[in-house]
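Visitor: One structure is given below, represented as structure tokens, and several questions about it will come after.
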Protein chains: 2
Amino acid sequence: MASEFDLIYRHLASFGAGPSVILGVGDDAASLRVRDGHELLVSTDTLVEDRHFPVGTLPEHIAYRAVATAVSDLAAMAAKPIAMTLALTLPEADDLWMHGFSMGLASAVSDFGIPLVGGDLTRGPLCVSVTVMGECPAGFAVRRSGARVGDRLCVTGTLGDAAAGLLLIQGTSDLSELPDIDTMEYLEHRFYRPAPALMWCDWLRTHATSAIDVSDGLLADVTHIAHASGVGIEISARALPLSEPLASLQALDPIALALHGGDDYELAFTVPPGTELPAGLHCIGTVVDGDGVICIDIATTGVSGYDHFR
Amino acid sequence: MASEFDLIYRHLASFGAGPSVILGVGDDAASLRVRDGHELLVSTDTLVEDRHFPVGTLPEHIAYRAVATAVSDLAAMAAKPIAMTLALTLPEADDLWMHGFSMGLASAVSDFGIPLVGGDLTRGPLCVSVTVMGECPAGFAVRRSGARVGDRLCVTGTLGDAAAGLLLIQGTSDLSELPDIDTMEYLEHRFYRPAPALMWCDWLRTHATSAIDVSDGLLADVTHIAHASGVGIEISARALPLSEPLASLQALDPIALALHGGDDYELAFTVPPGTELPAGLHCIGTVVDGDGVICIDIATTGVSGYDHFR
């Protein structure tokens with residue numbers, strides 16, 4: 001690889017320490033310790049410019065978002081991160097760009113406690129691929145397939161924020177005037193800096209019967225749970241948790257964004273009926289006999305045109 | 001992702017079974033079993049079109065080569081493959097291309113015993129990134145840093161073949177006429193279908209003090225061992241093992257290709273003096289006091305212009 005990458009490579013190597021890391025960046029492979037009695041969870045996510053983030057996105061956001069979206073897959077299995085590798089392809093080794101990217105990477109390493117133990121830096125069209133590894137007590141990973149009739153469908157956090165943020169970033173919202181700066185910043189931050197629901201890992205492992213992260217949109221992702229579990233799921237549009245900033249922008253159709261907008265990286269999960277939910281978790285539906293996902297209460301929300309959910 | 005990928009995704013899922021796989025493709029993350037008393041080895045390799053393989057390379061070769069080069073990093077640590085994930089970006093979901101790619105992937109899965117447990121398929125410029133995971137008894141991974149003065153430097157297999165193959169594929173060799181078809185096929189096969197030295201894993205774990213795979217060229221890669229181990233290494237140009245097909249093409253300068261050409265994915269490794277080498281392994285040098293790598297016996301090989309090795 002070009003020598004201009006050497007510096008950054010050494011920089012990345014400094015992100016490589018952690019309790020599960022035996023050997024980080026710098027040999028043919030990294031070496032990790034998976035604790036006895038634990039299983040290893042692995043997921044790979046790729047971000048491509050102009051597809052997963054707008055052209056012109058700051059490199060610190062690209063790096064952070066790439067790691068966050070991958071870590072979110074671990075959170076969805078109730079697994080805790082132990083390490084990651086990065087495959088970064090970029091057109092030229094621009095020092096300023098790499099500096100920004102490194103800053104974003106450093107934030108993610110620190111925020112999610114996931115050391116970077118290997119990478120491959122290549123010249124080519126901008127493409128970021130992150131493989132995350134996590135661990136979880138053997139047999140306790142939460143899958144998509146465990147939802148049972150009668151279970152409640154719940155979510156962490158609020159929905160639709162990231163999709164609204166992306167509309168604002170791209171300047172494609174229908175708003176006649178831009179929201180105030182705090183609202184703008186909050187929503188854009190939700191897109192650029194997803195917060196994987198790692199704080200709920202232990203709780204989910206004890207209580208959840210199934211889980212998935214909301215990356216493609218609530219309806220699409222909950223449909224995966226329904227299919228994998230062989231059940232139907234009713235979502236109540238009225239129960240969808242909205243943030244105050246998003247709720248303040250009715251012209252953006254917050255309920256539609258909460259149902260369809262992806263990129264929130266909250267978790268949707270099911271729990272047995274009667275499970276007490278701690279603050280921060282919201283019940284939004286019920287697992288029923290049938291297949292697929294039905295959205296109820298739409299009429300009362302003022303949103304129209306959702307008959308095709310049935 | 002586009003629905004045309006659904007079919008191939010199901011196809012890939014069929015490559016996902018193996019003794020270490022608890023859960024393969026289809027959930028948020030795959031789940032793997034790392035045996036108690038073992039460490040987990042991880043490496044990521046990216047192949048970009050026109051950089052790591054010529055434009056027009058058959059998709060079956062691209063897939064096979066991507067997996068082989070990544071698995072080679074596990075072999076270099078004396079680790080055995082347990083699973084891999086694939087991040088594939090490609091411009092359009094061409095059925096024929098994907099079929100060929102799948103065939104190459106299937107061959108690699110089978111040849112190296114490495115199930116595919118996760119993947120991310122994205123539309124974008126052609127880019128293939130493979131993350132391989134392997135295991136090895138804890139504390140017995142072979143690193144680059146263990147070479148000691150007096151050790152012998154050895155290699156598996158023959159060197160320079162893949163570099164010669166690439167010259168022939170690209171039509172950039174200086175040959176006045178093309179070699180016979182068997183020679184062509186052998187050398188091109190060595191480029192397209194690298195054979196990671198997994199068969200030597202157990203032997204290396206018992207005997208080798210350091211190891212690396214030859215991907216960038218023997219001199220470049222052995223220099224990594226020298227630096228990591230804080231030693232110098234003398235390579236004897238006369239001792240370099242050449243295949244008969246390559247040795248028959250003196251106009252290609254086989255010794256230079258063996259020293260500089262990458263892509264062979266054989267292993268270079270060191271063993272203590274007196275170690276008996278099984279057939280198939282070749283001693284090509286000695287670990288000495290000093291730093292860097294020196295090539296000796298060059299004058300007697302008829303190759304000139306290598307003073308800069310010193």
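Scheme for the structure tokens: letters A, B, ... for chains in order shown; per-chain residue numbers from 1; ligand numbers from 1 in order shown.
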Hey, list the chain B side of the contact with chain A: 7 Å cut-off, only C-alpha atoms, answer as number ranges by chain.

Guide: B: 27-34, 36, 39-46, 48, 73-74, 76-77, 85, 87, 118-120, 124-125, 129, 143-144, 212

Visitor: Run DSSP on the backbone and grab whatever in region 184-260 of chain A lands in alpha helix (DSSP H); send it over as a ChimeraX atom specification.

Guide: /A:184-192,201-207,218-229,244-247,254-260

Visitor: Go ahead and compute the interatomic distance for CA of Thr286 (chain A) and CA of Phe269 (chain A), in Å to one decimal.

Guide: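 These two atoms are separated by 10.7 Å.
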
Visitor: Give me, as a list of chain:residue names, all polymer residues having an atom no more than 8 Å from Cys201 (chain A), counting only C-alpha atoms and skipping those fewer than 2 positions away in the same chain.

Guide: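 Close residues of Cys201 (chain A): A:Ala75, A:Ala78, A:Ala79, A:Lys80, A:Ala197, A:Leu198, A:Met199, A:Trp203, A:Leu204, A:Arg205.
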
Visitor: Please, could you write that set of residues out with N, CA and C atoms as a PDB file, in the first residue's frame?

Guide:
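Contents of part.pdb, freshly written:
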```
ATOM      1  N   ALA A  75     -25.679  -5.331  19.119  1.00  0.00           N
ATOM      2  CA  ALA A  75     -26.676  -4.961  20.132  1.00  0.00           C
ATOM      3  C   ALA A  75     -27.972  -5.727  19.903  1.00  0.00           C
ATOM      4  N   ALA A  78     -27.963  -8.908  21.462  1.00  0.00           N
ATOM      5  CA  ALA A  78     -27.645  -8.795  22.893  1.00  0.00           C
ATOM      6  C   ALA A  78     -26.200  -9.207  23.184  1.00  0.00           C
ATOM      7  N   ALA A  79     -25.321  -8.887  22.231  1.00  0.00           N
ATOM      8  CA  ALA A  79     -23.901  -9.217  22.397  1.00  0.00           C
ATOM      9  C   ALA A  79     -23.088  -7.952  22.651  1.00  0.00           C
ATOM     10  N   LYS A  80     -22.021  -8.081  23.406  1.00  0.00           N
ATOM     11  CA  LYS A  80     -21.155  -6.935  23.678  1.00  0.00           C
ATOM     12  C   LYS A  80     -19.942  -6.960  22.764  1.00  0.00           C
ATOM     13  N   ALA A 197     -27.893   0.389  20.705  1.00  0.00           N
ATOM     14  CA  ALA A 197     -28.551   0.231  22.005  1.00  0.00           C
ATOM     15  C   ALA A 197     -27.822  -0.759  22.911  1.00  0.00           C
ATOM     16  N   LEU A 198     -26.505  -0.587  23.019  1.00  0.00           N
ATOM     17  CA  LEU A 198     -25.709  -1.512  23.826  1.00  0.00           C
ATOM     18  C   LEU A 198     -26.113  -1.508  25.292  1.00  0.00           C
ATOM     19  N   MET A 199     -26.622  -0.360  25.774  1.00  0.00           N
ATOM     20  CA  MET A 199     -26.981  -0.280  27.192  1.00  0.00           C
ATOM     21  C   MET A 199     -28.096  -1.261  27.569  1.00  0.00           C
ATOM     22  N   TRP A 203     -30.363  -6.441  29.729  1.00  0.00           N
ATOM     23  CA  TRP A 203     -31.812  -6.515  29.925  1.00  0.00           C
ATOM     24  C   TRP A 203     -32.451  -7.380  28.834  1.00  0.00           C
ATOM     25  N   LEU A 204     -32.033  -7.154  27.577  1.00  0.00           N
ATOM     26  CA  LEU A 204     -32.612  -7.914  26.462  1.00  0.00           C
ATOM     27  C   LEU A 204     -32.320  -9.408  26.595  1.00  0.00           C
ATOM     28  N   ARG A 205     -31.106  -9.725  26.997  1.00  0.00           N
ATOM     29  CA  ARG A 205     -30.714 -11.127  27.100  1.00  0.00           C
ATOM     30  C   ARG A 205     -31.598 -11.856  28.115  1.00  0.00           C
TER      31      ARG A 205
END
```

Visitor: With only C-alpha atoms as the atoms that count, which of B:Ile82, B:Leu240, B:Val287, B:Ala66 lies nearest to Phe191 (chain B)?

Guide: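 The answer is B:Ala66, which sits nearest to Phe191 (chain B).
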
Visitor: Determine, counting only C-alpha atoms, which protein, DNA and RNA residues have an atom within 10 Å of an atom of Arg65 (chain B); residues of the same chain fewer than 3 positions away are not included. Present the result as a ChimeraX atom specification.

Guide: /B:47,52-53,59-62,68-71,104-105,108,191-195,263

Visitor: Can you measure CA of Cys154 (chain A) to CA of Ser173 (chain A) for me? One decimal in Å is fine.

Guide: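 Atom-to-atom, CA of Cys154 (chain A) to CA of Ser173 (chain A), that is 28.4 Å.
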
Visitor: Can you measure CA of Ile233 (chain A) to CA of Asp221 (chain A) for me? One decimal in Å is fine.

Guide: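 Distance reported for this atom pair: 11.5 Å.
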
Visitor: Could you give me, as a PyMOL selection string, the residues within 10 Å of region 251-258 of chain B, counting only C-alpha atoms and dropping anything in the same chain fewer than 6 positions from it?

Guide: chain B and resi 158-164+167+173-176+217-219+237-243+264+298+301-306

Visitor: Generate a file of the selected residues that holds N, CA and C atoms, formatted as an mmCIF file, in the first residue's frame.

Guide:
```cif
data_model
loop_
_atom_site.group_PDB
_atom_site.id
_atom_site.type_symbol
_atom_site.label_atom_id
_atom_site.label_comp_id
_atom_site.auth_asym_id
_atom_site.auth_seq_id
_atom_site.Cartn_x
_atom_site.Cartn_y
_atom_site.Cartn_z
ATOM 1 N N THR B 158 6.751 -23.170 -4.301
ATOM 2 C CA THR B 158 7.664 -22.458 -5.195
ATOM 3 C C THR B 158 7.256 -20.991 -5.302
ATOM 4 N N LEU B 159 8.204 -20.159 -5.707
ATOM 5 C CA LEU B 159 7.986 -18.706 -5.721
ATOM 6 C C LEU B 159 8.037 -18.143 -7.136
ATOM 7 N N GLY B 160 7.337 -17.044 -7.357
ATOM 8 C CA GLY B 160 7.427 -16.327 -8.630
ATOM 9 C C GLY B 160 6.396 -16.756 -9.656
ATOM 10 N N ASP B 161 5.739 -17.882 -9.391
ATOM 11 C CA ASP B 161 4.777 -18.403 -10.375
ATOM 12 C C ASP B 161 3.623 -17.435 -10.620
ATOM 13 N N ALA B 162 3.040 -16.925 -9.541
ATOM 14 C CA ALA B 162 1.864 -16.057 -9.686
ATOM 15 C C ALA B 162 2.230 -14.769 -10.418
ATOM 16 N N ALA B 163 3.410 -14.232 -10.112
ATOM 17 C CA ALA B 163 3.846 -13.001 -10.793
ATOM 18 C C ALA B 163 4.030 -13.252 -12.286
ATOM 19 N N ALA B 164 4.591 -14.421 -12.607
ATOM 20 C CA ALA B 164 4.727 -14.781 -14.024
ATOM 21 C C ALA B 164 3.354 -14.947 -14.659
ATOM 22 N N LEU B 167 1.901 -11.597 -15.493
ATOM 23 C CA LEU B 167 2.514 -11.027 -16.709
ATOM 24 C C LEU B 167 1.873 -11.632 -17.962
ATOM 25 N N SER B 173 4.513 -9.629 -20.665
ATOM 26 C CA SER B 173 5.815 -10.296 -20.534
ATOM 27 C C SER B 173 6.697 -9.939 -21.724
ATOM 28 N N ASP B 174 8.004 -10.144 -21.554
ATOM 29 C CA ASP B 174 8.948 -9.843 -22.638
ATOM 30 C C ASP B 174 9.150 -11.032 -23.563
ATOM 31 N N LEU B 175 8.360 -12.068 -23.383
ATOM 32 C CA LEU B 175 8.579 -13.275 -24.185
ATOM 33 C C LEU B 175 8.312 -13.001 -25.669
ATOM 34 N N SER B 176 9.194 -13.537 -26.518
ATOM 35 C CA SER B 176 8.997 -13.355 -27.964
ATOM 36 C C SER B 176 7.848 -14.243 -28.451
ATOM 37 N N GLY B 217 5.594 -9.936 -2.213
ATOM 38 C CA GLY B 217 6.909 -10.288 -2.752
ATOM 39 C C GLY B 217 7.795 -10.764 -1.606
ATOM 40 N N LEU B 218 8.616 -11.760 -1.875
ATOM 41 C CA LEU B 218 9.412 -12.385 -0.818
ATOM 42 C C LEU B 218 10.238 -11.366 -0.033
ATOM 43 N N LEU B 219 10.968 -10.501 -0.750
ATOM 44 C CA LEU B 219 11.853 -9.566 -0.054
ATOM 45 C C LEU B 219 11.065 -8.626 0.845
ATOM 46 N N ALA B 237 19.815 -16.400 -3.243
ATOM 47 C CA ALA B 237 19.081 -16.409 -4.508
ATOM 48 C C ALA B 237 19.136 -17.788 -5.152
ATOM 49 N N ARG B 238 20.246 -18.503 -4.940
ATOM 50 C CA ARG B 238 20.395 -19.828 -5.561
ATOM 51 C C ARG B 238 19.478 -20.865 -4.934
ATOM 52 N N ALA B 239 19.027 -20.583 -3.708
ATOM 53 C CA ALA B 239 18.214 -21.576 -3.000
ATOM 54 C C ALA B 239 16.726 -21.415 -3.274
ATOM 55 N N LEU B 240 16.356 -20.358 -3.994
ATOM 56 C CA LEU B 240 14.923 -20.091 -4.187
ATOM 57 C C LEU B 240 14.275 -21.224 -4.977
ATOM 58 N N PRO B 241 13.225 -21.814 -4.454
ATOM 59 C CA PRO B 241 12.578 -22.915 -5.169
ATOM 60 C C PRO B 241 11.737 -22.389 -6.327
ATOM 61 N N LEU B 242 12.032 -22.873 -7.528
ATOM 62 C CA LEU B 242 11.280 -22.468 -8.725
ATOM 63 C C LEU B 242 10.544 -23.679 -9.281
ATOM 64 N N SER B 243 9.353 -23.440 -9.776
ATOM 65 C CA SER B 243 8.627 -24.531 -10.437
ATOM 66 C C SER B 243 9.281 -24.811 -11.793
ATOM 67 N N ASP B 264 2.061 -15.055 -4.551
ATOM 68 C CA ASP B 264 2.199 -16.511 -4.481
ATOM 69 C C ASP B 264 1.402 -17.107 -3.325
ATOM 70 N N ILE B 298 23.490 -13.546 -5.629
ATOM 71 C CA ILE B 298 22.831 -12.992 -6.805
ATOM 72 C C ILE B 298 23.727 -13.115 -8.034
ATOM 73 N N THR B 301 23.593 -16.143 -10.157
ATOM 74 C CA THR B 301 22.333 -16.510 -10.800
ATOM 75 C C THR B 301 22.157 -15.848 -12.144
ATOM 76 N N GLY B 302 23.067 -14.916 -12.458
ATOM 77 C CA GLY B 302 22.937 -14.217 -13.722
ATOM 78 C C GLY B 302 22.003 -13.026 -13.669
ATOM 79 N N VAL B 303 21.382 -12.800 -12.503
ATOM 80 C CA VAL B 303 20.520 -11.626 -12.367
ATOM 81 C C VAL B 303 21.379 -10.452 -11.929
ATOM 82 N N SER B 304 21.165 -9.301 -12.518
ATOM 83 C CA SER B 304 21.973 -8.143 -12.117
ATOM 84 C C SER B 304 21.067 -7.049 -11.576
ATOM 85 N N GLY B 305 21.690 -6.057 -11.004
ATOM 86 C CA GLY B 305 20.921 -4.878 -10.604
ATOM 87 C C GLY B 305 20.239 -5.003 -9.261
ATOM 88 N N TYR B 306 20.744 -5.860 -8.388
ATOM 89 C CA TYR B 306 20.085 -6.016 -7.098
ATOM 90 C C TYR B 306 20.884 -5.470 -5.925
#
```

Visitor: Quick one: pick out all strand (DSSP E) residues within region 206-272 of chain A from a backbone DSSP run and write them as a PyMOL selection string.

Guide: chain A and resi 210-213+232-236+267-271

Visitor: Using C-alpha atoms, can you write the selected residues to a file as a PDB file, in the first residue's frame?

Guide:
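Written file, out17.pdb:
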```pdb
ATOM      1  CA  SER A 210     -36.607 -11.756  19.605  1.00  0.00           C
ATOM      2  CA  ALA A 211     -34.837  -8.612  18.427  1.00  0.00           C
ATOM      3  CA  ILE A 212     -33.641  -6.737  15.341  1.00  0.00           C
ATOM      4  CA  ASP A 213     -32.147  -3.324  14.777  1.00  0.00           C
ATOM      5  CA  GLY A 232     -48.015 -11.808  12.601  1.00  0.00           C
ATOM      6  CA  ILE A 233     -47.322  -8.483  14.289  1.00  0.00           C
ATOM      7  CA  GLU A 234     -49.696  -5.569  14.872  1.00  0.00           C
ATOM      8  CA  ILE A 235     -48.074  -2.177  15.270  1.00  0.00           C
ATOM      9  CA  SER A 236     -50.062   0.691  16.725  1.00  0.00           C
ATOM     10  CA  LEU A 267     -33.858  -1.967  18.470  1.00  0.00           C
ATOM     11  CA  ALA A 268     -37.264  -3.512  17.887  1.00  0.00           C
ATOM     12  CA  PHE A 269     -37.810  -6.541  20.112  1.00  0.00           C
ATOM     13  CA  THR A 270     -40.489  -8.722  21.620  1.00  0.00           C
ATOM     14  CA  VAL A 271     -41.055  -9.643  25.266  1.00  0.00           C
TER      15      VAL A 271
END
```

Visitor: Applying 12 Å and only C-alpha atoms, which residues near Gly290 (chain A) remain after dropping the ones on its own chain fewer than 4 positions away? List them as a VMD selection string.

Guide: chain A and resid 148 to 150 223 226 to 227 229 to 234 286 294 310
